[in-house]
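Q: This structure is in structure tokens; I'll ask about it shortly.
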Protein chains: 2
Amino acid sequence: MSEFEDLRKRLGEVSALASTAGILEWDQQTHMPAGGAANRAAQLEVLSKITHELSVSSKTETLLAAAEKAADGLDPDSDDAAFVRVARRDFDHASKLPTELVAEIAKVTTLAHEAWAEARAASNYSKFAPCLENIVDLVRQVADHLGHSGERYDALLDQYEPGMKAADVRAMFDAIKPTSVALVKAIVERGPDAVDDSILKRDFDEAKQEAFGEAVIKELGFDFERGRQDRAVHPFCSSFTSGDVRITTRFDKNFLPMALFGTIHETGHALYEQGVARRYDGNTLGGGTSLGVHESQSRLWENLVGRSRPFWKHFYSSLQSTFPESLSDVDAERFYRAVNKVEPSLIRVEADEVTYNLHILLRFEMETDLLEGRLSVKDAPAAWNAKMQEYFGLTPPDDAQGILQDVHWSMGSLGYFPTYSLGNIISAQLFTQAQSDLGDLSGQIERGEFAPLLGWLRENIHQWGRKYTATELLQRITGKALDTAPYLQYLSAKYGDIYGL
Amino acid sequence: MSEFEDLRKRLGEVSALASTAGILEWDQQTHMPAGGAANRAAQLEVLSKITHELSVSSKTETLLAAAEKAADGLDPDSDDAAFVRVARRDFDHASKLPTELVAEIAKVTTLAHEAWAEARAASNYSKFAPCLENIVDLVRQVADHLGHSGERYDALLDQYEPGMKAADVRAMFDAIKPTSVALVKAIVERGPDAVDDSILKRDFDEAKQEAFGEAVIKELGFDFERGRQDRAVHPFCSSFTSGDVRITTRFDKNFLPMALFGTIHETGHALYEQGVARRYDGNTLGGGTSLGVHESQSRLWENLVGRSRPFWKHFYSSLQSTFPESLSDVDAERFYRAVNKVEPSLIRVEADEVTYNLHILLRFEMETDLLEGRLSVKDAPAAWNAKMQEYFGLTPPDDAQGILQDVHWSMGSLGYFPTYSLGNIISAQLFTQAQSDLGDLSGQIERGEFAPLLGWLRENIHQWGRKYTATELLQRITGKALDTAPYLQYLSAKYGDIYGL
């Protein structure tokens with residue numbers, strides 16, 4: 001029907017402008033020289049202003065209303081009905097935000113990213129604090145414009161995980177915290193030498209790491225005709241369309257897991273984006289449906305696949321021959337145990353699976369306190385360090401390894417972190433279902449057959465883009481809403497085995 | 001005055017959008033995976049549409065009229081007066097073009113770039129011909145909208161070289177052709193062995209070429225804090241602001257001059273852009289004033305500096321120690337002669353200084369014939385080859401080395417090539433003046449002192465951005481309009497010496 005085509009064309013322009021901003025941000029983090037920062041802020045400011053104006057214009061509203069009328073009576077499961085539904089959600093969200101606020105955030109966060117990178121490099125929080133002050137204020141305004149029933153966090157989280165509330169986050173942590181804490185306690189009691197990961201800190205040439213990583217992700221299914229990998233301070237995945245999906249990574253010559261599992265993690269995101277149905281390219285239904293589902297894909301490939309015993313039964317000999325000097329005395333089982341060592345630590349992105357969610361809980365608590373004014377930006381580093389002591393028994397030696405470690409706040413992304421824990425939980429719920437549907441999944445992985453798993457994910461999740469919400473997907477695939485049981489079973493079984501609990 | 005500030009803010013948005021398109025184009029030629037092409041076309045289409053709408057909107061027109069009124073009586077040499085003058089020229093140009101045509105060209109040329117790259121790789125003109133057909137038609141429409149008094153070329157050329165006409169191009173070629181042809185004839189009569197360039201076709205490791213090139217351009221003054229270098233099929237320079245100027249290069253392991261002089265050439269463009277006054281950043285007066293002046297900077301550094309005897313007296317020992325296996329038996333003088341070998345050849349960008357302008361003349365004649373309908377797109381390869389035979393006594397073995405060699409037509413840039421010859425002429429006019437102003441310029445170059453020359457160019461040309469036209473700059477600096485005499489003297493003296501004429 002022409003009503004759908006007209007709306008699709010209009011929102012296709014919005015998508016094209018949004019992915020243009022994505023290119024500018026990708027470039028900023030991978031290639032832009034320092035001298036380009038001021039102009040980049042100006043570019044993103046005007047682009048976000050224009051994109052927002054186009055999104056909420058009366059012409060868009062008229063086209064949307066006409067399409068809604070045309071969709072009346074359509075099968076709600078049809079592409080057109082879903083398109084109109086998601087377009088309405090986007091429109092209602094965008095139209096609550098004043099264009100000036102959107103443009104201001106684009107400018108402020110572009111400059112804040114540079115300030116954060118400098119502050120982190122110098123481990124000097126005071127260089128970032130004024131930006132953060134500004135960002136917290138702007139994000140509060142966003143929450144208040146979007147509307148909420150008492151808790152700003154609800155409005156912010158909803159942008160990343162439609163429908164989820166702060167109370168759901170608390171319930172989620174309540175469900176996983178006892179098992180997590182008990183597991184950490186039992187593992188710490190085994191002593192630091194129960195698993196030896198010193199072998200991962202030997203010498204690993206960067207160029208060889210890069211070549212090995214690329215070979216691995218090609219086997220997993222990353223399509224380099226429709227994507228690429230670059231280096232960045234903070235690894236990420238950007239998708240501009242299913243035909244152009246880019247990941248970044250970073251290397252530590254003396255810590256193999258950083259690039260290796262970072263690359264597999266970002267590939268998980270990229271496989272999702274490359275797998276979205278092509279008919280959704282440049283369209284409202286393109287891209288992942290929520291950050292929780294996105295993170296479920298990255299964590300599934302990074303942890304449930306990439307840190308599994310069968311995975312290393314397949315890849316270890318190739319890794320060993322890539323680094324004969326460093327690994328000739330190490331067998332696959334020792335390597336498998338090393339990459340799964342559990343240890344309270346300072347840096348979230350390097351955290352093991354068991355302690356990881358405590359890093360998220362810390363950030364969730366910090367963010368709610370900052371947003372509700374219970375904590376000031378000035379006092380935030382002390383609060384961070386106190387929580388690190390409480391949850392991990394550790395105090396960061398400097399802010400670079402503490403409050404400055406994550407890029408998210410500089411991007412204005414408060415309300416985002418809980419989707420990481422949500423992703424962990426969903427990854428296990430999906431993997432358990434895939435095991436049941438595919439039969440011998442472990443055997444397939446051990447034989448290097450990744451196509452069945454990727455095909456299952458494409459069929460059940462990737463292809464649908466934003467058509468179904470996270471909850472709808474989980475219901476369709478597993479017959480249940482979010483369920484923490486598979487995740488807790490996975491953690492207990494895996495680490496019970498490794499640590500002999 | 002607030003009228004100027006209001007207009008500057010408005011046109012600053014136009015500049016930010018234009019440089020955003022620049023980033024998309026840079027990315028397309030350096031990093032974008034093949035799968036991104038369709039979305040890139042959509043992005044550039046909507047961006048060009050919006051940029052054009054903003055440029056010619058009634059709000060912009062009102063602000064411009066108010067600023068013109070405010071500028072009335074101002075010193076015409078002031079920044080504000082120049083700003084309003086150039087803004088008016090831009091507005092009048094843009095407002096003659098319908099937005100749909102501008103958007104259509106953006107989309108068509110984005111896809112044509114991919115088609116050209118494929119066609120060139122496969123040396124298959126038929127893959128590019130339909131795009132070229134389309135482009136010639138669109139460019140004709142542009143010329144007709146812009147208006148001209150009988151010759152479409154005038155309207156097109158004016159976009160790149162404000163004020164220049166096809167008749168001026170003919171006069172320019174009439175002035176330089178006799179000396180060029182006589183020089184080529186005399187040199188060819190000396191026989192192919194008068195200068196031996198076989199040493200340039202030895203083995204030169206790419207990574208070492210890259211490192212040497214970067215070291216050279218750092219010495220010349222390229223600022224890597226405000227720029228970068230990447231690889232691309234066709235070398236180019238993109239400037240997004242004086243703080244972010246990017247060049248590209250390409251390497252041939254068995255032909256040293258390609259990357260070496262290509263890098264120096266693009267650096268000439270980049271030094272111009274990095275040298276524009278910072279107060280013009282993101283502003284109508286930012287960037288180079290015309291393509292002819294731009295090319296004068298690239299050719300000055302590439303040829304008058306980079307292919308000069310004093311330059312190699314300074315750099316040769318370092319080059320030799322970079323490639324000891326290939327150059328230990330070659331002295332600086334032999335190298336100097338080799339990089340200045342004159343020989344009729346197929347590829348413009350590898351052509352020597354003496355034959356170079358004949359490549360431009362060929363393209364100028366082809367373009368005028370295509371635009372006026374005297375030549376069809378289908379018959380163009382045959383016409384190309386016939387002219388190659390006429391001017392060079394050569395026939396391209398395939399279209400990749402013939403009509404498909406240049407990127408320009410795929411970008412819709414007809415009317416652009418003559419600015420290359422104009423740049424050659426201006427480069428000598430400026431260099432001769434710099435020699436006179438700086439005293440011992442040759443001695444400075446021989447001692448590796450490039451700062452005086454760069455300072456002279458910054459002072460006289462770079463800093464002014466678009467404030468003065470090419471003709472105004474030449475008048476201010478040399479007291480004359482365009483003058484071919486210094487160029488002809490330079491060619492005759494240099495090649496007379498090398499070939500003993």
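Going through the structure tokens in order, the chains are called A, B, and so on, while each chain numbers its residues from 1 and the ligands are numbered from 1 in the order shown.
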Which residues, written as a list in words, have at least one atom at most 7 Å from region 304-312 of chain B, with only C-alpha atoms counted and residues fewer than 5 positions away on the same chain left out?
A: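 Final neighbour list, sorted by chain and number: Ala332, Tyr336, Val339, Asn340, Ser442, Ile445 and Glu446 of chain B.
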Q: Could the residues of chain A within 6 Å of chain B, counting only C-alpha atoms, be given as a PyMOL selection string, please?
A: chain A and resi 16+33-36+43+225-227+243-244
Q: Output the selection as a CSV table (one decimal), in the first residue's frame - all heavy atoms for each residue.
A:
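Once written, again-v9.csv looks like this:
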```csv
chain,number,residue,atom,x,y,z
A,16,ALA,N,18.8,7.0,7.2
A,16,ALA,CA,20.0,7.3,6.5
A,16,ALA,C,20.8,8.4,7.3
A,16,ALA,O,22.0,8.4,7.4
A,16,ALA,CB,19.7,7.8,5.1
A,33,PRO,N,41.8,12.6,13.4
A,33,PRO,CA,42.9,13.2,14.1
A,33,PRO,C,42.3,14.1,15.2
A,33,PRO,O,41.2,14.6,15.1
A,33,PRO,CB,43.6,14.0,13.1
A,33,PRO,CG,42.6,14.2,12.0
A,33,PRO,CD,41.7,13.1,12.0
A,34,ALA,N,43.1,14.4,16.2
A,34,ALA,CA,42.6,15.2,17.4
A,34,ALA,C,42.1,16.5,16.9
A,34,ALA,O,41.1,17.0,17.5
A,34,ALA,CB,43.8,15.4,18.3
A,35,GLY,N,42.7,17.1,15.9
A,35,GLY,CA,42.3,18.4,15.4
A,35,GLY,C,40.8,18.5,14.8
A,35,GLY,O,40.3,19.6,14.6
A,36,GLY,N,40.3,17.3,14.6
A,36,GLY,CA,38.9,17.3,14.0
A,36,GLY,C,37.8,17.4,15.0
A,36,GLY,O,36.6,17.5,14.6
A,43,GLN,N,29.3,19.0,13.4
A,43,GLN,CA,28.6,18.1,12.5
A,43,GLN,C,27.5,17.3,13.2
A,43,GLN,O,26.4,17.2,12.7
A,43,GLN,CB,29.6,17.2,11.8
A,43,GLN,CG,30.6,17.8,10.9
A,43,GLN,CD,31.7,16.9,10.5
A,43,GLN,OE1,32.2,16.0,11.3
A,43,GLN,NE2,32.1,17.0,9.2
A,225,GLU,N,32.9,-9.0,3.6
A,225,GLU,CA,32.4,-8.2,2.5
A,225,GLU,C,31.4,-7.2,3.0
A,225,GLU,O,31.0,-6.3,2.2
A,225,GLU,CB,31.8,-9.1,1.4
A,225,GLU,CG,32.7,-10.0,0.6
A,225,GLU,CD,33.6,-9.1,-0.2
A,225,GLU,OE1,33.1,-8.3,-1.0
A,225,GLU,OE2,34.9,-9.2,-0.1
A,226,ARG,N,30.8,-7.5,4.1
A,226,ARG,CA,29.8,-6.6,4.7
A,226,ARG,C,30.2,-6.1,6.1
A,226,ARG,O,29.3,-5.9,6.9
A,226,ARG,CB,28.5,-7.4,4.7
A,226,ARG,CG,28.0,-7.8,3.3
A,226,ARG,CD,26.6,-8.4,3.3
A,226,ARG,NE,26.5,-9.6,4.1
A,226,ARG,CZ,25.5,-9.8,5.0
A,226,ARG,NH1,24.6,-8.9,5.3
A,226,ARG,NH2,25.5,-11.0,5.7
A,227,GLY,N,31.5,-6.0,6.3
A,227,GLY,CA,31.9,-5.5,7.5
A,227,GLY,C,33.4,-5.3,7.6
A,227,GLY,O,34.1,-5.7,6.6
A,243,GLY,N,24.6,-4.5,5.5
A,243,GLY,CA,25.7,-4.6,4.5
A,243,GLY,C,27.0,-3.9,5.0
A,243,GLY,O,28.0,-4.0,4.3
A,244,ASP,N,26.9,-3.2,6.1
A,244,ASP,CA,28.1,-2.5,6.6
A,244,ASP,C,28.1,-2.4,8.1
A,244,ASP,O,27.5,-1.6,8.7
A,244,ASP,CB,28.1,-1.1,6.0
A,244,ASP,CG,29.3,-0.3,6.2
A,244,ASP,OD1,30.2,-0.8,6.9
A,244,ASP,OD2,29.5,0.8,5.7
```
Q: Quick one: residues within 7 Å of region 285-288 of chain B, only C-alpha atoms counted, chain neighbours fewer than 5 positions away excluded, as a list in words?
A: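 Skipping anything fewer than 5 positions along the chain leaves Phe83, Glu273, Val276, Tyr280, His294, Gly465, Arg466 and Lys467 of chain B.
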Q: Excluding region 358-372 of chain A and any residue of its chain fewer than 2 positions from it, enumerate the residues within 8 Å of it, using only C-alpha atoms, and give them as an MDAnalysis selection string.
A: chainID A and resid 136 140 151:153 173 348 355:356 374:377 380 383:384 387:388 391 414:415 417:418 420:421
Q: Restricting the output to N, CA, C and O atoms, write the selected residues as a tab-separated table (two decimals), in the first residue's frame.
A:
```tsv
chain	number	residue	atom	x	y	z
A	136	VAL	N	24.91	14.61	33.20
A	136	VAL	CA	23.90	14.15	34.17
A	136	VAL	C	22.70	15.11	34.15
A	136	VAL	O	21.54	14.68	34.14
A	140	ARG	N	19.00	13.97	32.96
A	140	ARG	CA	17.83	14.17	33.84
A	140	ARG	C	16.70	14.86	33.08
A	140	ARG	O	15.54	14.49	33.20
A	151	GLU	N	10.53	7.45	39.04
A	151	GLU	CA	11.93	7.07	38.96
A	151	GLU	C	12.48	7.38	37.57
A	151	GLU	O	12.05	6.77	36.57
A	152	ARG	N	13.43	8.32	37.51
A	152	ARG	CA	13.98	8.72	36.21
A	152	ARG	C	14.56	7.55	35.45
A	152	ARG	O	14.58	7.53	34.23
A	153	TYR	N	15.12	6.63	36.19
A	153	TYR	CA	15.80	5.50	35.55
A	153	TYR	C	14.86	4.75	34.60
A	153	TYR	O	15.30	4.26	33.55
A	173	PHE	N	18.62	-8.57	39.65
A	173	PHE	CA	19.81	-8.72	40.50
A	173	PHE	C	19.49	-9.54	41.75
A	173	PHE	O	20.31	-10.35	42.20
A	348	ARG	N	35.70	-3.90	34.36
A	348	ARG	CA	34.51	-4.64	33.93
A	348	ARG	C	34.74	-5.47	32.68
A	348	ARG	O	34.42	-6.65	32.64
A	355	THR	N	31.96	-12.79	38.29
A	355	THR	CA	31.97	-11.48	38.98
A	355	THR	C	31.37	-10.37	38.12
A	355	THR	O	31.06	-9.29	38.62
A	356	TYR	N	31.22	-10.63	36.82
A	356	TYR	CA	30.83	-9.57	35.88
A	356	TYR	C	29.60	-8.78	36.34
A	356	TYR	O	29.58	-7.55	36.33
A	374	ARG	N	21.12	11.79	44.85
A	374	ARG	CA	21.63	11.28	46.13
A	374	ARG	C	23.16	11.27	46.14
A	374	ARG	O	23.78	11.09	47.17
A	375	LEU	N	23.73	11.45	44.97
A	375	LEU	CA	25.19	11.44	44.84
A	375	LEU	C	25.58	12.57	43.90
A	375	LEU	O	24.95	12.75	42.85
A	376	SER	N	26.65	13.33	44.27
A	376	SER	CA	27.10	14.40	43.38
A	376	SER	C	28.21	13.88	42.47
A	376	SER	O	28.89	12.89	42.80
A	377	VAL	N	28.39	14.55	41.33
A	377	VAL	CA	29.46	14.17	40.40
A	377	VAL	C	30.82	14.27	41.10
A	377	VAL	O	31.71	13.44	40.89
A	380	ALA	N	31.51	11.25	43.17
A	380	ALA	CA	31.32	9.96	42.51
A	380	ALA	C	32.55	9.04	42.59
A	380	ALA	O	32.39	7.84	42.83
A	383	ALA	N	32.57	7.32	45.88
A	383	ALA	CA	31.48	6.35	45.97
A	383	ALA	C	31.83	5.09	45.18
A	383	ALA	O	31.58	3.97	45.62
A	384	TRP	N	32.41	5.29	43.98
A	384	TRP	CA	32.84	4.16	43.16
A	384	TRP	C	33.80	3.27	43.95
A	384	TRP	O	33.62	2.04	44.03
A	387	LYS	N	32.24	1.27	46.75
A	387	LYS	CA	31.50	0.10	46.27
A	387	LYS	C	32.43	-1.01	45.78
A	387	LYS	O	32.15	-2.20	45.96
A	388	MET	N	33.53	-0.61	45.16
A	388	MET	CA	34.52	-1.61	44.73
A	388	MET	C	35.03	-2.39	45.94
A	388	MET	O	35.23	-3.60	45.89
A	391	TYR	N	32.03	-4.72	47.14
A	391	TYR	CA	31.69	-5.89	46.32
A	391	TYR	C	32.87	-6.79	45.99
A	391	TYR	O	32.70	-7.97	45.73
A	414	LEU	N	23.39	6.90	30.18
A	414	LEU	CA	23.01	6.43	31.52
A	414	LEU	C	21.72	5.63	31.39
A	414	LEU	O	20.83	6.01	30.61
A	415	GLY	N	21.64	4.53	32.11
A	415	GLY	CA	20.48	3.65	32.00
A	415	GLY	C	20.75	2.47	31.09
A	415	GLY	O	19.85	1.69	30.77
A	417	PHE	N	23.74	0.26	31.33
A	417	PHE	CA	24.51	-0.87	31.86
A	417	PHE	C	23.70	-2.12	32.20
A	417	PHE	O	24.16	-3.24	31.94
A	418	PRO	N	22.49	-1.99	32.79
A	418	PRO	CA	21.78	-3.22	33.16
A	418	PRO	C	21.52	-4.15	31.99
A	418	PRO	O	21.35	-5.36	32.19
A	420	TYR	N	23.56	-5.20	30.01
A	420	TYR	CA	24.66	-6.16	29.94
A	420	TYR	C	24.33	-7.41	30.76
A	420	TYR	O	24.56	-8.54	30.33
A	421	SER	N	23.82	-7.19	31.97
A	421	SER	CA	23.45	-8.36	32.80
A	421	SER	C	22.26	-9.08	32.19
A	421	SER	O	22.19	-10.32	32.18
```
Q: Distance CA of Glu118 (chain B)-CA of Ser413 (chain B), one decimal place?
A: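 If I compute the distance from CA of Glu118 (chain B) to CA of Ser413 (chain B), I get 18.8 Å.
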